[in-house]
$ cat upload.cif   # mmCIF, C-alpha atoms
data_entry
#
loop_
_atom_site.label_atom_id
_atom_site.label_comp_id
_atom_site.auth_asym_id
_atom_site.auth_seq_id
_atom_site.Cartn_x
_atom_site.Cartn_y
_atom_site.Cartn_z
CA MET A 1 -16.11 20.28 -13.02
CA ALA A 2 -16.34 18.53 -9.66
CA ASP A 3 -15.61 20.58 -6.54
CA PRO A 4 -11.84 20.17 -5.88
CA ILE A 5 -12.46 20.50 -2.13
CA HIS A 6 -14.89 17.57 -2.10
CA GLN A 7 -11.98 15.10 -1.89
CA PHE A 8 -11.08 16.47 1.56
CA GLN A 9 -14.52 16.15 3.12
CA ILE A 10 -14.86 13.58 5.90
CA GLN A 11 -17.72 11.20 5.15
CA LYS A 12 -19.32 8.48 7.27
CA ILE A 13 -18.81 4.96 5.95
CA VAL A 14 -20.30 3.04 8.89
CA ASP A 15 -22.49 4.88 11.39
CA LEU A 16 -22.15 3.71 15.00
CA PRO A 17 -24.41 4.32 18.02
CA ASP A 18 -23.88 7.68 19.72
CA VAL A 19 -22.36 7.68 23.19
CA THR A 20 -21.93 10.15 26.04
CA LEU A 21 -18.34 10.49 27.23
CA PRO A 22 -17.00 12.28 30.31
CA LEU A 23 -15.74 15.80 29.47
CA PHE A 24 -16.71 15.38 25.79
CA GLY A 25 -20.45 14.93 26.28
CA HIS A 26 -22.59 13.59 23.44
CA THR A 27 -20.33 12.03 20.81
CA ASP A 28 -21.28 10.91 17.34
CA LEU A 29 -19.30 7.74 16.58
CA ALA A 30 -18.72 6.52 13.05
CA VAL A 31 -16.16 4.86 10.81
CA THR A 32 -15.20 7.54 8.29
CA ASN A 33 -13.07 7.72 5.17
CA SER A 34 -10.40 9.35 7.35
CA HIS A 35 -10.35 6.36 9.72
CA ILE A 36 -10.10 3.96 6.80
CA ALA A 37 -7.25 5.92 5.19
CA MET A 38 -5.24 6.00 8.44
CA THR A 39 -5.95 2.31 9.13
CA VAL A 40 -4.82 1.33 5.63
CA ALA A 41 -1.64 3.37 6.13
CA PHE A 42 -0.96 1.64 9.47
CA VAL A 43 -1.57 -1.83 8.01
CA ALA A 44 0.63 -1.02 5.01
CA ILE A 45 3.49 0.04 7.32
CA VAL A 46 3.20 -3.10 9.44
CA ALA A 47 3.05 -5.30 6.34
CA PHE A 48 6.04 -3.53 4.77
CA LEU A 49 8.22 -3.81 7.88
CA THR A 50 7.18 -7.44 8.37
CA LEU A 51 8.19 -8.32 4.81
CA VAL A 52 11.45 -6.40 5.15
CA THR A 53 12.53 -8.02 8.43
CA SER A 54 11.06 -11.53 8.22
CA GLY A 55 13.33 -12.81 5.47
CA ALA A 56 16.39 -10.61 6.01
CA LYS A 57 19.45 -11.75 4.06
CA VAL A 58 23.10 -10.75 4.01
CA VAL A 59 22.67 -9.72 0.39
CA PRO A 60 19.38 -7.79 0.51
CA GLY A 61 16.72 -7.99 -2.16
CA ARG A 62 14.94 -4.94 -3.50
CA LEU A 63 12.33 -4.79 -0.73
CA GLN A 64 14.87 -5.30 2.03
CA ALA A 65 17.18 -2.72 0.44
CA ALA A 66 14.32 -0.20 0.35
CA GLY A 67 13.52 -0.81 4.01
CA GLU A 68 17.17 -0.58 5.05
CA SER A 69 17.57 2.63 3.06
CA LEU A 70 14.65 4.28 4.88
CA PHE A 71 15.95 3.00 8.21
CA GLY A 72 19.48 4.20 7.52
CA MET A 73 18.32 7.59 6.26
CA ILE A 74 16.30 8.45 9.39
CA ASP A 75 18.98 6.92 11.63
CA GLY A 76 21.49 9.23 9.95
CA VAL A 77 19.18 12.20 10.50
CA THR A 78 18.72 11.59 14.23
CA ASP A 79 22.40 10.79 14.73
CA SER A 80 23.68 13.84 12.85
CA ILE A 81 21.21 16.30 14.37
CA ILE A 82 20.75 15.02 17.95
CA GLY A 83 24.15 13.41 18.38
CA HIS A 84 25.09 10.31 20.35
CA ASP A 85 21.68 10.29 22.08
CA GLY A 86 19.88 10.27 18.75
CA ARG A 87 19.38 6.50 18.79
CA LYS A 88 17.11 6.86 21.85
CA TYR A 89 14.66 8.99 19.92
CA PHE A 90 15.00 7.18 16.61
CA PRO A 91 11.87 4.98 17.11
CA PHE A 92 9.65 8.03 17.56
CA VAL A 93 11.09 9.96 14.61
CA PHE A 94 11.06 6.86 12.38
CA SER A 95 7.43 6.12 13.31
CA LEU A 96 6.44 9.70 12.50
CA PHE A 97 8.26 9.53 9.19
CA LEU A 98 6.64 6.25 8.13
CA LEU A 99 3.14 7.34 9.17
CA VAL A 100 3.34 10.65 7.32
CA LEU A 101 4.95 9.02 4.29
CA ALA A 102 2.35 6.22 4.11
CA MET A 103 -0.58 8.63 4.45
CA ASN A 104 0.90 10.97 1.85
CA LEU A 105 1.54 8.20 -0.68
CA LEU A 106 -1.78 6.44 -0.12
CA GLY A 107 -3.50 9.76 -0.71
CA MET A 108 -2.27 9.54 -4.29
CA PHE A 109 -4.23 6.30 -4.79
CA LEU A 110 -7.18 6.59 -2.42
CA SER A 111 -9.92 9.19 -2.68
CA PHE A 112 -8.93 10.67 0.70
CA THR A 113 -5.62 12.01 2.00
CA ALA A 114 -5.43 11.83 5.79
CA THR A 115 -2.59 14.37 6.03
CA SER A 116 -4.75 16.93 4.22
CA GLN A 117 -6.77 17.17 7.45
CA LEU A 118 -5.53 19.77 9.91
CA ALA A 119 -6.72 17.62 12.84
CA VAL A 120 -4.30 14.85 11.79
CA THR A 121 -1.28 17.10 11.28
CA VAL A 122 -2.01 18.99 14.52
CA THR A 123 -2.07 15.65 16.36
CA PHE A 124 1.36 14.71 14.96
CA ALA A 125 2.70 18.15 15.84
CA ALA A 126 1.21 18.04 19.37
CA LEU A 127 2.74 14.61 20.04
CA THR A 128 6.13 15.93 18.91
CA ILE A 129 6.02 19.06 21.05
CA LEU A 130 4.72 17.18 24.10
CA LEU A 131 7.64 14.75 23.74
CA VAL A 132 10.05 17.68 23.43
CA ILE A 133 8.67 19.29 26.61
CA GLY A 134 8.70 15.96 28.46
CA VAL A 135 12.30 15.23 27.46
CA GLY A 136 13.28 18.79 28.28
CA PHE A 137 12.01 18.60 31.86
CA ALA A 138 13.15 14.98 32.35
CA ARG A 139 16.74 15.74 31.34
CA ASN A 140 17.09 19.31 32.61
CA GLY A 141 14.43 19.88 35.26
CA LEU A 142 13.74 23.59 35.65
CA GLY A 143 16.86 24.12 33.57
CA PHE A 144 14.54 23.55 30.63
CA PHE A 145 13.72 27.25 30.81
CA LYS A 146 17.33 28.02 29.86
CA LEU A 147 16.09 27.32 26.35
CA PHE A 148 14.47 30.76 26.51
CA TRP A 149 17.41 32.56 28.11
CA PRO A 150 20.22 32.83 25.51
CA THR A 151 23.44 33.38 27.47
CA SER A 152 25.34 34.15 24.26
CA ALA A 153 23.34 37.36 23.77
CA PRO A 154 24.22 40.63 25.56
CA LEU A 155 22.57 40.85 28.98
CA VAL A 156 20.41 43.82 28.06
CA LEU A 157 19.02 41.97 25.03
CA ARG A 158 18.40 38.62 26.71
CA PRO A 159 14.79 39.38 27.81
CA VAL A 160 13.89 40.42 24.26
CA VAL A 161 15.67 37.51 22.61
CA GLY A 162 14.21 35.17 25.24
CA ALA A 163 10.69 36.38 24.48
CA ILE A 164 11.32 35.76 20.78
CA GLU A 165 12.66 32.28 21.55
CA PHE A 166 9.59 31.51 23.67
CA LEU A 167 7.24 32.72 20.95
CA SER A 168 9.18 30.67 18.40
CA PHE A 169 8.82 27.59 20.61
CA LEU A 170 5.05 28.10 20.86
CA LEU A 171 4.82 28.43 17.08
CA ARG A 172 6.69 25.19 16.42
CA PRO A 173 3.61 22.90 16.51
CA VAL A 174 1.77 25.41 14.30
CA THR A 175 4.64 25.35 11.81
CA LEU A 176 4.76 21.54 11.78
CA ALA A 177 1.01 21.19 11.34
CA LEU A 178 0.49 23.89 8.71
CA LEU A 179 3.53 22.93 6.64
CA LEU A 180 2.32 19.38 6.05
CA PHE A 181 -1.36 20.31 5.80
CA GLY A 182 -0.78 23.16 3.35
CA ASN A 183 1.42 21.18 0.99
CA MET A 184 -0.94 18.21 0.82
CA LEU A 185 -4.03 20.36 0.41
CA GLY A 186 -2.58 22.70 -2.20
CA GLY A 187 -1.01 19.98 -4.32
CA HIS A 188 -4.14 17.86 -4.47
CA VAL A 189 -6.36 20.84 -5.26
CA ALA A 190 -4.12 21.85 -8.19
CA LEU A 191 -4.07 18.26 -9.45
CA LYS A 192 -7.87 18.03 -9.24
CA ILE A 193 -8.35 21.33 -11.10
CA PHE A 194 -6.11 20.38 -14.04
CA ALA A 195 -7.67 16.91 -14.20
CA GLY A 196 -11.08 18.58 -14.31
CA PHE A 197 -9.93 20.72 -17.26
CA VAL A 198 -8.95 17.57 -19.18
CA VAL A 199 -12.36 15.97 -18.67
CA ALA A 200 -14.40 19.14 -19.30
CA LEU A 201 -12.54 20.23 -22.42
CA GLY A 202 -12.37 16.71 -23.81
CA ALA A 203 -16.10 16.18 -23.30
CA GLY A 204 -16.82 19.58 -24.82
CA ALA A 205 -14.82 18.71 -27.93
CA ILE A 206 -16.71 15.45 -28.39
CA ALA A 207 -20.12 17.06 -27.84
CA GLY A 208 -19.28 20.13 -29.91
CA GLU A 209 -19.84 22.45 -26.95
CA GLY A 210 -17.72 25.10 -25.30
CA LEU A 211 -14.46 25.57 -27.21
CA GLY A 212 -15.24 22.57 -29.39
CA LEU A 213 -12.21 21.12 -31.16
CA PHE A 214 -10.16 24.15 -30.11
CA GLY A 215 -10.38 22.76 -26.57
CA LEU A 216 -8.32 19.69 -27.47
CA PRO A 217 -4.92 21.48 -27.41
CA VAL A 218 -5.83 23.00 -24.03
CA ALA A 219 -6.94 19.58 -22.80
CA ALA A 220 -3.64 18.08 -23.98
CA LEU A 221 -1.71 20.83 -22.16
CA SER A 222 -3.77 20.21 -19.03
CA MET A 223 -3.05 16.49 -19.29
CA THR A 224 0.66 17.28 -19.46
CA MET A 225 0.29 19.36 -16.31
CA VAL A 226 -1.57 16.50 -14.60
CA VAL A 227 1.30 14.09 -15.36
CA ALA A 228 3.90 16.62 -14.19
CA LEU A 229 1.96 17.47 -11.02
CA THR A 230 1.45 13.78 -10.23
CA ALA A 231 5.20 13.18 -10.39
CA LEU A 232 5.77 16.29 -8.27
CA GLU A 233 3.17 15.17 -5.73
CA PHE A 234 4.96 11.84 -5.24
CA LEU A 235 8.18 13.76 -4.63
CA VAL A 236 6.45 16.19 -2.24
CA ALA A 237 4.86 13.25 -0.38
CA PHE A 238 8.33 11.92 0.41
CA LEU A 239 9.93 15.31 1.07
CA GLN A 240 7.21 16.39 3.50
CA ALA A 241 7.63 13.21 5.54
CA PHE A 242 11.41 13.74 5.55
CA VAL A 243 11.07 17.42 6.53
CA PHE A 244 8.71 16.45 9.37
CA ALA A 245 11.32 13.98 10.66
CA VAL A 246 14.14 16.55 10.36
CA LEU A 247 12.18 19.25 12.20
CA ALA A 248 11.20 16.81 14.96
CA SER A 249 14.90 15.89 15.36
CA ILE A 250 15.91 19.57 15.50
CA TYR A 251 13.33 20.30 18.20
CA LEU A 252 14.50 17.27 20.20
CA ASN A 253 18.12 18.34 19.81
CA ASP A 254 17.33 21.70 21.42
CA VAL A 255 16.31 20.05 24.71
CA VAL A 256 18.62 17.01 24.60
CA ASN A 257 21.72 19.19 24.16
CA LEU A 258 20.38 22.15 26.12
CA GLY A 259 23.08 24.61 27.11
CA GLU A 260 25.13 24.31 23.95
CA GLY A 261 24.73 27.50 22.00
CA HIS A 262 22.65 29.22 24.70
#

$ encode --input "upload.cif" --output "structure tokens"
Amino acid sequence: MADPIHQFQIQKIVDLPDVTLPLFGHTDLAVTNSHIAMTVAFVAIVAFLTLVTSGAKVVPGRLQAAGESLFGMIDGVTDSIIGHDGRKYFPFVFSLFLLVLAMNLLGMFLSFTATSQLAVTVTFAALTILLVIGVGFARNGLGFFKLFWPTSAPLVLRPVVGAIEFLSFLLRPVTLALLLFGNMLGGHVALKIFAGFVVALGAGAIAGEGLGLFGLPVAALSMTMVVALTALEFLVAFLQAFVFAVLASIYLNDVVNLGEGH
């Protein structure tokens, strides 16, 4: 059976000349399967939004209805979580949602899933937290630190609760990155393992090796698991993108509406 981790290895597709960059030093440049997967996801998003908006009609067709449903869903998330200022941050949250969703779904068809790479999910998480910090200082100045001083708690407990809040804030990008990375990695590994069972047991039955014909029922059961896991992976691909958008909105809400509940 093929190594189930092999599908997550970054491989060079086009090797480029090495360069020396300030701060980074010697850098090996190349077009990799990760670059291609992310580029395909970006092009797919642009093409989808172009098709949805270019021929917009009063009575939407299926494609326009799908686009409007995604738009309305994330708009509802930002509005319900952040409040009346949610529309300001909708473009960022919607972009995150579409990028994660496209990379997750394309990973079901391509041989590489970009969101199974911790570097990619950490980048998304870092962008989110940097925006949260920037908005926090821009709207509240030094009052941003009130986020770590819960006024609703008894005075004697505020330093302890504040330390917990600060630690929780530092762990937010880790939570965002690991949640997406872990789900994509684990799901694809399980799918690869069961698919490998189908091939190995089926080939063994034909060649009269291993379990022989007794391997066919196990292969059939593994095939059933592959179908079920594939359906589940499509669902998880959507849910993880949605959860990422919801968590980003919650983190933004904390600094946009700072003071309420603290």

$ residues_around --input "upload.cif" --residues "Ala163 of chain A" --least-positions-apart "5" --cutoff "9 Å" --atoms "only C-alpha atoms" --output "list of chain:residue names"
A:Phe148, A:Trp149, A:Arg158, A:Ser168

$ write_last_selection --input "upload.cif" --atoms "C-alpha atoms" --output "PDB file, in the coordinates of the input"
ATOM      1  CA  PHE A 148      14.470  30.760  26.510  1.00  0.00           C
ATOM      2  CA  TRP A 149      17.410  32.560  28.110  1.00  0.00           C
ATOM      3  CA  ARG A 158      18.400  38.620  26.710  1.00  0.00           C
ATOM      4  CA  SER A 168       9.180  30.670  18.400  1.00  0.00           C
TER       5      SER A 168
END

$ resolve_selection --input "upload.cif" --expression "the PyMOL selection byres ((chain A and resi 31) around 7)" --output "PyMOL selection string"
chain A and resi 12-15+30+32+35

$ resolve_selection --input "upload.cif" --expression "the PyMOL selection byres ((chain A and resi 249) around 9)" --output "PyMOL selection string"
chain A and resi 77-78+81-82+86+89-90+93+244-248+250-254

$ resolve_selection --input "upload.cif" --expression "the PyMOL selection byres ((chain A and resi 47-52) around 10)" --output "list in words"
Ala41, Phe42, Val43, Ala44, Ile45, Val46, Thr53, Ser54, Gly55, Ala56, Lys57, Pro60, Gly61, Arg62, Leu63, Gln64, Ala65, Ala66, Gly67 and Glu68 of chain A

$ residues_around --input "upload.cif" --residues "Asn257 of chain A" --least-positions-apart "6" --cutoff "10 Å" --atoms "all atoms listed in the file" --output "PDB file with C-alpha atoms, in the coordinates of the input"
ATOM      1  CA  ILE A  82      20.750  15.020  17.950  1.00  0.00           C
ATOM      2  CA  GLY A  83      24.150  13.410  18.380  1.00  0.00           C
ATOM      3  CA  ASP A  85      21.680  10.290  22.080  1.00  0.00           C
ATOM      4  CA  GLY A 136      13.280  18.790  28.280  1.00  0.00           C
ATOM      5  CA  ARG A 139      16.740  15.740  31.340  1.00  0.00           C
ATOM      6  CA  ASN A 140      17.090  19.310  32.610  1.00  0.00           C
TER       7      ASN A 140
END

$ residues_around --input "upload.cif" --residues "Leu96 of chain A" --least-positions-apart "4" --cutoff "10 Å" --atoms "only C-alpha atoms" --output "number ranges by chain"
A: 90-92, 100-102, 124-125, 127-128, 241-242, 244-245, 248

$ axis_aligned_box --input "upload.cif" --around "segment 116-135 of chain A" --padding-each-side "3 Å" --output "AutoDock Vina command-line options"
--center_x 2.8 --center_y 17.2 --center_z 16.3 --size_x 25.1 --size_y 11.2 --size_z 30.2

$ atom_distance --input "upload.cif" --atom1 "atom CA of Ala177 of chain A" --atom2 "atom CA of Ala126 of chain A"
8.6 Å
